[in-house]
Amino acid sequence: MTASRAAKRLTIVIPALNEQDKIADTIDGVLPLARELLDDFEIFLIDDGSTDATGAIMDEYATREPRIVVHHNAVRRGVGAGFEYALSRAKFDAITLIPGDHAFHNEGIARMFKAVGAANLVITYRDNQSDRSVNRSIQSHSLRFILNCLFGFWLSDYHSMIVYPVKWLRQIAVKADGYGYQICALISLLQLGLTHVQVPVSLNAELKGSSRAMRLRTYFELGGTIFALLRRVPIRDVDLSRVPVDAGRTSAR
């Protein structure tokens with residue numbers, strides 16, 4: 001008799017700031033895949049203080065899909081704040097963040113959804129970063145090399161889409177709010193010894209214009225995040241006796 005598989009239930013967070021030209025493409029890509037590949041899901045659309053039609057477009061989708069919840073920030077609060085809002089209200093065991101600027105090919109999102117439940121963490125890695133601008137590519141590879149050397153997890157990517165275990169993420173203090181939020185959360189969970197699999201995804205054509213990732217403020221933020229992680233500041237009052245007995249640093253592609 002074959003054992004039944006665990007149900008795939010996922011909380012999906014889609015934040016956006018002034019993405020009226022891209023948010024519909026993002027939702028139109030994610031929603032059919034969630035309906036097809038997941039047993040159940042909920043989607044939090046986070047309007048992070050947009051001054052264009054982004055919020056109105058989100059509200060329109062919510063009228064047609066009862067599993068969509070829209071949250072409007074009066075002013076910009078950052079990706080981390082929006083993710084924490086959804087995390088505090090998530091009703092499923094797993095949660096992920098998908099950028100609202102239609103950054104990823106739908107095929108990669110599908111692979112991530114299919115991998116839900118394969119390990120405590122599903123960590124995607126961008127397999128076409130060489131197609132990006134030289135500066136962005138150098139930044140991404142350099143950051144990955146530094147983090148791998150400092151923490152020893154030897155991941156292919158630290159800043160792509162990730163499926164997190166809700167119960168563990170709620171137990172750690174993430175001392176970052178913007179670009180460093182995901183890195184802080186991911187490394188903190190890996191430090192607990194949770195299992196992970198790695199799944200390839202591809203980026204869509206990079207959006208034109210200046211990138212927030214290249215601002216000087218971002219470098220200071222990342223430096224503070226890494227320093228805090230080295231001091232293990234994000235780990236707080238975690239009941240290590242509840243870590244699954246099969247936890248370990250597994251990686252599959």
# chains A, B, ... in the order shown; residues from 1 in each chain; ligands from 1
>>> residues_around(residues="Ala24 of chain A", least_positions_apart="4", cutoff="9 Å", atoms="only C-alpha atoms", output="MDAnalysis selection string")
chainID A and resid 19:20 28:29 54 57:58 61 100 102
>>> closest_atom_pairs(of="segment 152-180 of chain A", to="segment 84-97 of chain A", cutoff="8 Å", atoms="only C-alpha atoms", output="Markdown table")
| residue | atom | partner | partner_atom | distance |
| --- | --- | --- | --- | --- |
| A:Met161 | CA | A:Leu97 | CA | 6.3 |
| A:Ile162 | CA | A:Thr96 | CA | 5.7 |
| A:Val163 | CA | A:Thr96 | CA | 4.5 |
| A:Tyr164 | CA | A:Ile95 | CA | 5.3 |
| A:Pro165 | CA | A:Ala94 | CA | 4.7 |
| A:Val166 | CA | A:Asp93 | CA | 5.2 |
| A:Lys167 | CA | A:Asp93 | CA | 6.8 |
| A:Arg170 | CA | A:Leu87 | CA | 7.5 |
>>> residues_around(residues="Val30 of chain A", least_positions_apart="5", cutoff="9 Å", atoms="only C-alpha atoms", output="list in words")
Asp25, Arg35, Ile98, Asn106, Ile109 and Ala110 of chain A
>>> select_by_dssp(residues="segment 43-215 of chain A", states="helix (DSSP H, G or I)", output="mmCIF file with C-alpha atoms, in the first residue's frame")
data_model
loop_
_atom_site.group_PDB
_atom_site.id
_atom_site.type_symbol
_atom_site.label_atom_id
_atom_site.label_comp_id
_atom_site.auth_asym_id
_atom_site.auth_seq_id
_atom_site.Cartn_x
_atom_site.Cartn_y
_atom_site.Cartn_z
ATOM 1 C CA THR A 54 -0.957 49.010 -8.473
ATOM 2 C CA GLY A 55 -3.282 48.886 -5.458
ATOM 3 C CA ALA A 56 -6.423 49.237 -7.563
ATOM 4 C CA ILE A 57 -5.337 46.382 -9.824
ATOM 5 C CA MET A 58 -4.735 44.185 -6.770
ATOM 6 C CA ASP A 59 -8.180 45.019 -5.398
ATOM 7 C CA GLU A 60 -9.766 43.980 -8.698
ATOM 8 C CA TYR A 61 -8.153 40.529 -8.509
ATOM 9 C CA ALA A 62 -9.360 40.124 -4.919
ATOM 10 C CA THR A 63 -12.972 40.618 -6.051
ATOM 11 C CA ARG A 64 -12.626 37.620 -8.390
ATOM 12 C CA VAL A 79 9.624 44.010 1.459
ATOM 13 C CA GLY A 80 10.450 42.629 4.897
ATOM 14 C CA ALA A 81 7.564 44.436 6.564
ATOM 15 C CA GLY A 82 5.092 43.161 3.986
ATOM 16 C CA PHE A 83 6.367 39.626 4.330
ATOM 17 C CA GLU A 84 6.123 39.771 8.124
ATOM 18 C CA TYR A 85 2.533 41.003 7.832
ATOM 19 C CA ALA A 86 1.625 37.945 5.777
ATOM 20 C CA LEU A 87 3.683 35.605 7.969
ATOM 21 C CA SER A 88 1.768 36.665 11.074
ATOM 22 C CA ARG A 89 -1.516 35.822 9.329
ATOM 23 C CA ASN A 106 6.399 30.824 -14.881
ATOM 24 C CA GLU A 107 8.198 27.510 -15.498
ATOM 25 C CA GLY A 108 10.465 28.192 -12.509
ATOM 26 C CA ILE A 109 7.533 29.126 -10.286
ATOM 27 C CA ALA A 110 5.902 25.839 -11.299
ATOM 28 C CA ARG A 111 9.031 23.890 -10.317
ATOM 29 C CA MET A 112 9.047 25.627 -6.943
ATOM 30 C CA PHE A 113 5.374 24.807 -6.324
ATOM 31 C CA LYS A 114 5.980 21.155 -7.259
ATOM 32 C CA ALA A 115 8.844 20.963 -4.732
ATOM 33 C CA GLN A 129 22.113 35.481 -14.092
ATOM 34 C CA SER A 130 24.767 35.845 -16.790
ATOM 35 C CA ASP A 131 22.020 37.447 -18.913
ATOM 36 C CA VAL A 134 27.577 43.043 -15.754
ATOM 37 C CA ASN A 135 27.275 45.042 -12.509
ATOM 38 C CA ARG A 136 24.264 43.075 -11.266
ATOM 39 C CA SER A 137 25.886 39.762 -12.173
ATOM 40 C CA ILE A 138 29.109 40.666 -10.354
ATOM 41 C CA GLN A 139 27.145 41.794 -7.308
ATOM 42 C CA SER A 140 25.123 38.579 -7.125
ATOM 43 C CA HIS A 141 28.095 36.252 -7.578
ATOM 44 C CA SER A 142 30.212 38.205 -5.096
ATOM 45 C CA LEU A 143 27.487 38.167 -2.449
ATOM 46 C CA ARG A 144 26.963 34.430 -2.875
ATOM 47 C CA PHE A 145 30.714 33.760 -2.602
ATOM 48 C CA ILE A 146 31.026 35.859 0.571
ATOM 49 C CA LEU A 147 28.029 34.228 2.255
ATOM 50 C CA ASN A 148 29.164 30.725 1.309
ATOM 51 C CA CYS A 149 32.638 31.384 2.730
ATOM 52 C CA LEU A 150 31.305 32.944 5.933
ATOM 53 C CA PHE A 151 28.546 30.442 6.712
ATOM 54 C CA VAL A 166 6.081 28.962 8.808
ATOM 55 C CA LYS A 167 6.439 27.429 12.282
ATOM 56 C CA TRP A 168 10.232 27.820 12.256
ATOM 57 C CA LEU A 169 10.270 31.258 10.688
ATOM 58 C CA TYR A 181 15.438 40.293 5.163
ATOM 59 C CA GLN A 182 15.482 37.133 3.073
ATOM 60 C CA ILE A 183 19.198 36.498 3.581
ATOM 61 C CA CYS A 184 18.796 36.914 7.323
ATOM 62 C CA ALA A 185 15.780 34.588 7.462
ATOM 63 C CA LEU A 186 17.338 31.928 5.244
ATOM 64 C CA ILE A 187 20.679 31.710 7.035
ATOM 65 C CA SER A 188 18.998 31.764 10.445
ATOM 66 C CA LEU A 189 16.884 28.744 9.470
ATOM 67 C CA LEU A 190 19.831 26.899 7.954
ATOM 68 C CA GLN A 191 21.745 27.477 11.193
ATOM 69 C CA ARG A 212 17.507 49.617 -5.709
ATOM 70 C CA ALA A 213 19.931 46.735 -5.141
ATOM 71 C CA MET A 214 22.830 48.967 -6.259
#
>>> atom_distance(atom1="atom CA of Arg5 of chain A", atom2="atom CA of Val116 of chain A")
11.3 Å
>>> closest_residue(among="A:Pro200, A:Gly152, A:Gly117, A:Gly193", to="Leu38 of chain A", atoms="only C-alpha atoms")
A:Gly117
